[in-house]
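**Student:** Pasting in a structure now, in structure tokens, and then I'll have a few things to ask.
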Amino acid sequence: MNKQQLFENIKKKQSFLCVGLDTDIKKIPEHLLKEEDPIFAFNKAIIDATAPYCIAYKPNLAFYESMGVKGWISFEKTIQYLNENYPDQFIIADAKRGDIGNTSAMYARTFFEEINLDAVTVAPYMGEDSVTPFLTYEGKWIILLALTSNKGSHDFQLTTDTEGERLFEKVLRKSQEWGNDQNMMYVVGATQGRMFEDIRKIVPNHFLLVPGIGAQGGSLEEVCKYGMNKECGLIVNSSRAIIYADKTERFAEVAGEEAHKVQQQMAEQLKAIL
């Protein structure tokens with residue numbers, strides 16, 4: 001999916017919501033444990049209920065890898081279900097990969113050839129040769145960690161060099177030598193508030209993947225005020241606040257209701273640019 005297609009879908013659905021499929025076997029409704037594949041059964045129901053209101057899904061690999069081979073099978077079935085039934089959805093593997101070049105090439109092969117995802121999150125710490133193998137796939141995206149929403153982000157990402165440049169700013173500037181706004185996005189946590197202004201000075205046209213709305217306390221209005229550009233430029237993720245909104249047999253229905261609420265808020269924010 002290219003940038004224009006992504007923006008067209010945002011306009012069509014009046015939404016830039018990404019639903020995070022952080023599916024934990026210990027948190028899904030108990031009645032699903034009777035299913036042959038409880039994780040896939042949960043994901044399928046959540047997807048069917050929320051797809052009208054979002055433009056992307058982001059399964060976090062840790063939740064699937066924690067279950068070994070069974071979890072990986074559930075992950076692959078989820079991606080296949082999305083590709084076959086909701087081809088307009090932008091699918092992100094939240095894998096945070098990044099290693100020396102030949103290893104990154106294998107990660108890229110996994111996510112872009114074997115599983116057919118649209119994007120994968122990548123840690124930029126090891127530099128250019130750990131990132132560029134992901135950029136050799138036409139129509140695919142990498143999403144570099146830039147300024148995350150967790151408390152520990154201050155440990156490294158906000159440290160400055162002798163010229164006053166913060167580490168996340170160095171990541172934004174340097175990485176533009178590797179890719180562009182047609183194949184590279186950045187992770188910026190919703191809890192960073194007005195820092196979006198500083199980020200937009202460096203990457204005015206790139207899409208930003210924004211976790212931290214909902215359970216982590218990020219403000220959608222603040223993110224849009226400081227982070228939205230003329231093409232929206234935002235994919236805002238919500239995981240727990242949607243997928244675990246209810247633990248009864250109505251879990252999927254309630255998840256759909258919560259996604260719809262967020263979509264309506266996003267539609268209001270989009271009025272400023274559409």
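Labels for the structure tokens follow display order: chains A, B, ..., residues from 1 in each chain, ligands from 1.
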Taking 2 positions as the minimum chain separation for residues in the same chain, which residues sit within 12 Å of Tyr107 of chain A when counting only C-alpha atoms? Answer as a PyMOL selection string.

**Tutor:** chain A and resi 93+95-105+109-115+117+119-122+130-135+142

**Student:** Taking only segment 18-96 of chain A into account, list the residues labelled strand (DSSP E) by DSSP (computed from the backbone), as a compact mmCIF listing (two decimals) with N, CA, C and O atoms, in the first residue's frame.

**Tutor:**
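The file below, part-v3.txt, is the result:
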```
# COMPACT_ATOMS: atom_id res chain seq x y z
N CYS A 18 -5.64 2.83 14.23
CA CYS A 18 -5.00 1.52 14.14
C CYS A 18 -5.38 0.74 15.40
O CYS A 18 -5.23 1.24 16.51
N VAL A 19 -5.89 -0.46 15.21
CA VAL A 19 -6.25 -1.31 16.35
C VAL A 19 -5.08 -2.25 16.64
O VAL A 19 -4.68 -3.03 15.78
N GLY A 20 -4.54 -2.15 17.84
CA GLY A 20 -3.43 -2.99 18.22
C GLY A 20 -3.90 -4.36 18.70
O GLY A 20 -4.67 -4.46 19.65
N LEU A 21 -3.46 -5.39 18.01
CA LEU A 21 -3.85 -6.76 18.37
C LEU A 21 -2.83 -7.34 19.34
O LEU A 21 -2.07 -8.26 19.02
N ALA A 56 -6.01 0.40 9.97
CA ALA A 56 -4.80 -0.39 10.18
C ALA A 56 -4.96 -1.31 11.37
O ALA A 56 -5.75 -1.04 12.29
N TYR A 57 -4.18 -2.39 11.35
CA TYR A 57 -4.05 -3.29 12.50
C TYR A 57 -2.57 -3.48 12.79
O TYR A 57 -1.74 -3.51 11.87
N LYS A 58 -2.27 -3.61 14.09
CA LYS A 58 -0.88 -3.73 14.51
C LYS A 58 -0.74 -4.87 15.53
O LYS A 58 -0.82 -4.64 16.73
N PRO A 59 -0.55 -6.09 15.06
CA PRO A 59 -0.24 -7.16 16.02
C PRO A 59 1.17 -6.99 16.58
O PRO A 59 2.12 -6.77 15.82
N PHE A 90 -4.16 -1.57 6.41
CA PHE A 90 -2.70 -1.46 6.47
C PHE A 90 -2.24 -2.29 7.66
O PHE A 90 -2.64 -2.05 8.80
N ILE A 91 -1.40 -3.29 7.42
CA ILE A 91 -1.04 -4.25 8.48
C ILE A 91 0.41 -4.04 8.89
O ILE A 91 1.33 -4.13 8.07
N ILE A 92 0.59 -3.78 10.18
CA ILE A 92 1.91 -3.48 10.75
C ILE A 92 2.32 -4.60 11.70
O ILE A 92 1.59 -4.94 12.63
N ALA A 93 3.50 -5.15 11.48
CA ALA A 93 4.08 -6.07 12.46
C ALA A 93 4.87 -5.23 13.46
O ALA A 93 5.89 -4.62 13.11
N ASP A 94 4.38 -5.18 14.69
CA ASP A 94 5.12 -4.46 15.73
C ASP A 94 6.16 -5.42 16.29
O ASP A 94 5.94 -6.11 17.28
N ALA A 95 7.31 -5.47 15.59
CA ALA A 95 8.33 -6.46 15.91
C ALA A 95 9.61 -5.85 16.46
O ALA A 95 10.41 -6.52 17.08
N LYS A 96 9.80 -4.55 16.19
CA LYS A 96 10.97 -3.81 16.67
C LYS A 96 12.27 -4.54 16.35
O LYS A 96 13.13 -4.72 17.21
```

**Student:** Can you tell me, as a ChimeraX atom specification, what residues are no more than 9 Å from segment 240-242 of chain A when counting only C-alpha atoms, ignoring any on the same chain fewer than 2 positions away?

**Tutor:** /A:19-22,46,50,213-215,238,244-246,254-259

**Student:** Please identify every residue of segment 76-170 of chain A that has at least one atom no farther than 12 Å from an atom of segment 34-42 of chain A, counting only C-alpha atoms, and for each give the shortest atom pair and the distance in Å to one decimal, arranged by chain then increasing number, as JSON lines.

**Tutor:**
```
{"residue": "A:Glu76", "atom": "CA", "partner": "A:Phe40", "partner_atom": "CA", "distance": 9.3}
{"residue": "A:Lys77", "atom": "CA", "partner": "A:Phe40", "partner_atom": "CA", "distance": 6.9}
{"residue": "A:Thr78", "atom": "CA", "partner": "A:Phe40", "partner_atom": "CA", "distance": 6.2}
{"residue": "A:Ile79", "atom": "CA", "partner": "A:Phe40", "partner_atom": "CA", "distance": 9.9}
{"residue": "A:Gln80", "atom": "CA", "partner": "A:Phe40", "partner_atom": "CA", "distance": 10.8}
{"residue": "A:Tyr81", "atom": "CA", "partner": "A:Phe40", "partner_atom": "CA", "distance": 9.4}
{"residue": "A:Leu82", "atom": "CA", "partner": "A:Phe40", "partner_atom": "CA", "distance": 11.4}
```

**Student:** Could you tell me how far atom CA of Lys201 of chain A lies from atom CA of Asp118 of chain A, in Å and to one decimal?

**Tutor:**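 Value for the atom CA of Lys201 of chain A-atom CA of Asp118 of chain A distance: 26.5 Å.
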
**Student:** Out of A:Lys247, A:Arg194, A:Arg200, A:Lys230, which residue has the shortest atom-to-atom distance to Lys271 of chain A when counting only C-alpha atoms?

**Tutor:**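 Looking at the shortest contact to Lys271 of chain A, the residue is A:Lys230.
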
**Student:** Would you mind telling me which residue in A:Ile143, A:Cys232, A:Val188, A:Ala252 lies nearest to Lys11 of chain A when using only C-alpha atoms?

**Tutor:**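 Distance minimum relative to Lys11 of chain A lands on A:Cys232.
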
**Student:** Pick out each residue of segment 60-128 of chain A that DSSP on the backbone tags as helix (DSSP H, G or I); I need them as a PyMOL selection string.

**Tutor:** chain A and resi 61-65+68-85+101-114+128

**Student:** Quick one: write out the picked residues with C-alpha atoms as a compact mmCIF listing (two decimals), in the first residue's frame?

**Tutor:**
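selection_25.txt written:
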```txt
# COMPACT_ATOMS: atom_id res chain seq x y z
CA LEU A 61 4.81 -10.00 17.94
CA ALA A 62 5.72 -10.46 21.62
CA PHE A 63 2.19 -11.58 22.43
CA TYR A 64 2.37 -14.32 19.80
CA GLU A 65 5.98 -15.38 20.30
CA GLY A 68 5.84 -20.53 20.85
CA VAL A 69 4.82 -22.27 17.65
CA LYS A 70 1.10 -22.10 18.51
CA GLY A 71 1.30 -18.33 18.85
CA TRP A 72 3.16 -17.92 15.58
CA ILE A 73 0.49 -20.00 13.81
CA SER A 74 -2.21 -17.76 15.30
CA PHE A 75 -0.32 -14.71 14.07
CA GLU A 76 0.00 -16.08 10.53
CA LYS A 77 -3.69 -17.03 10.45
CA THR A 78 -4.59 -13.53 11.59
CA ILE A 79 -2.56 -11.92 8.80
CA GLN A 80 -4.00 -14.29 6.21
CA TYR A 81 -7.52 -13.50 7.40
CA LEU A 82 -6.89 -9.78 7.10
CA ASN A 83 -5.32 -10.05 3.65
CA GLU A 84 -8.17 -12.19 2.32
CA ASN A 85 -11.11 -10.38 3.89
CA GLY A 101 22.62 -6.32 7.54
CA ASN A 102 22.33 -10.02 6.69
CA THR A 103 20.16 -10.65 9.74
CA SER A 104 17.89 -7.71 8.94
CA ALA A 105 17.57 -9.06 5.42
CA MET A 106 16.16 -12.28 6.88
CA TYR A 107 13.73 -10.36 9.08
CA ALA A 108 12.61 -8.40 6.01
CA ARG A 109 12.13 -11.62 4.06
CA THR A 110 10.00 -13.02 6.88
CA PHE A 111 7.62 -10.10 7.13
CA PHE A 112 7.45 -8.93 3.52
CA GLU A 113 7.79 -12.13 1.50
CA GLU A 114 6.68 -14.99 3.72
CA GLU A 128 22.07 2.34 8.25
```

**Student:** Kindly give the distance, in Å, that separates atom CA of Arg250 of chain A and atom CA of Gly212 of chain A, rounded to a single decimal.

**Tutor:**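 Between atom CA of Arg250 of chain A and atom CA of Gly212 of chain A the gap is 24.9 Å.
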
**Student:** Give me, as an MDAnalysis selection string, all polymer residues having an atom no more than 12 Å from Ser175 of chain A, counting only C-alpha atoms and skipping those fewer than 5 positions away in the same chain.

**Tutor:** chainID A and resid 122:132 135 142:146 168:170 180:181 183:186 202:203 206

**Student:** So which one's closest to His260 of chain A, A:Leu6, A:Ile28, A:Ala49, A:Met228? Using only C-alpha atoms, please.

**Tutor:**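 Of all the options, A:Ala49 lies closest to His260 of chain A.
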
**Student:** Would you mind telling me which residue in A:Asn116, A:Asn237, A:Gln269, A:Thr248 lies nearest to Glu30 of chain A when using only C-alpha atoms?

**Tutor:**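 Distance minimum relative to Glu30 of chain A lands on A:Thr248.
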
**Student:** A:Phe156, A:Ile199, A:Val223, A:Gly233: which is nearest Leu172 of chain A, counting only C-alpha atoms?

**Tutor:**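 That would be A:Ile199, the residue with the smallest distance to Leu172 of chain A.
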
**Student:** When distances are computed from only C-alpha atoms, which of A:Lys27, A:Ile235, A:Gln192, A:Pro204 shows the smallest separation from Lys151 of chain A?

**Tutor:** A:Gln192

**Student:** Skipping near chain neighbours, those fewer than 4 positions away, what residues fall within 8 Å of Leu270 of chain A using only C-alpha atoms, listed as a list in words?

**Tutor:**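 Result of the neighbour search: Gln14, Ser15, Cys232, Met266 and Leu274 of chain A.
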
**Student:** One decimal, Å: what's the distance from atom CA of Lys3 of chain A over to atom CA of Val236 of chain A, could you say?

**Tutor:**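 Straight-line distance from atom CA of Lys3 of chain A to atom CA of Val236 of chain A works out to 15.7 Å.
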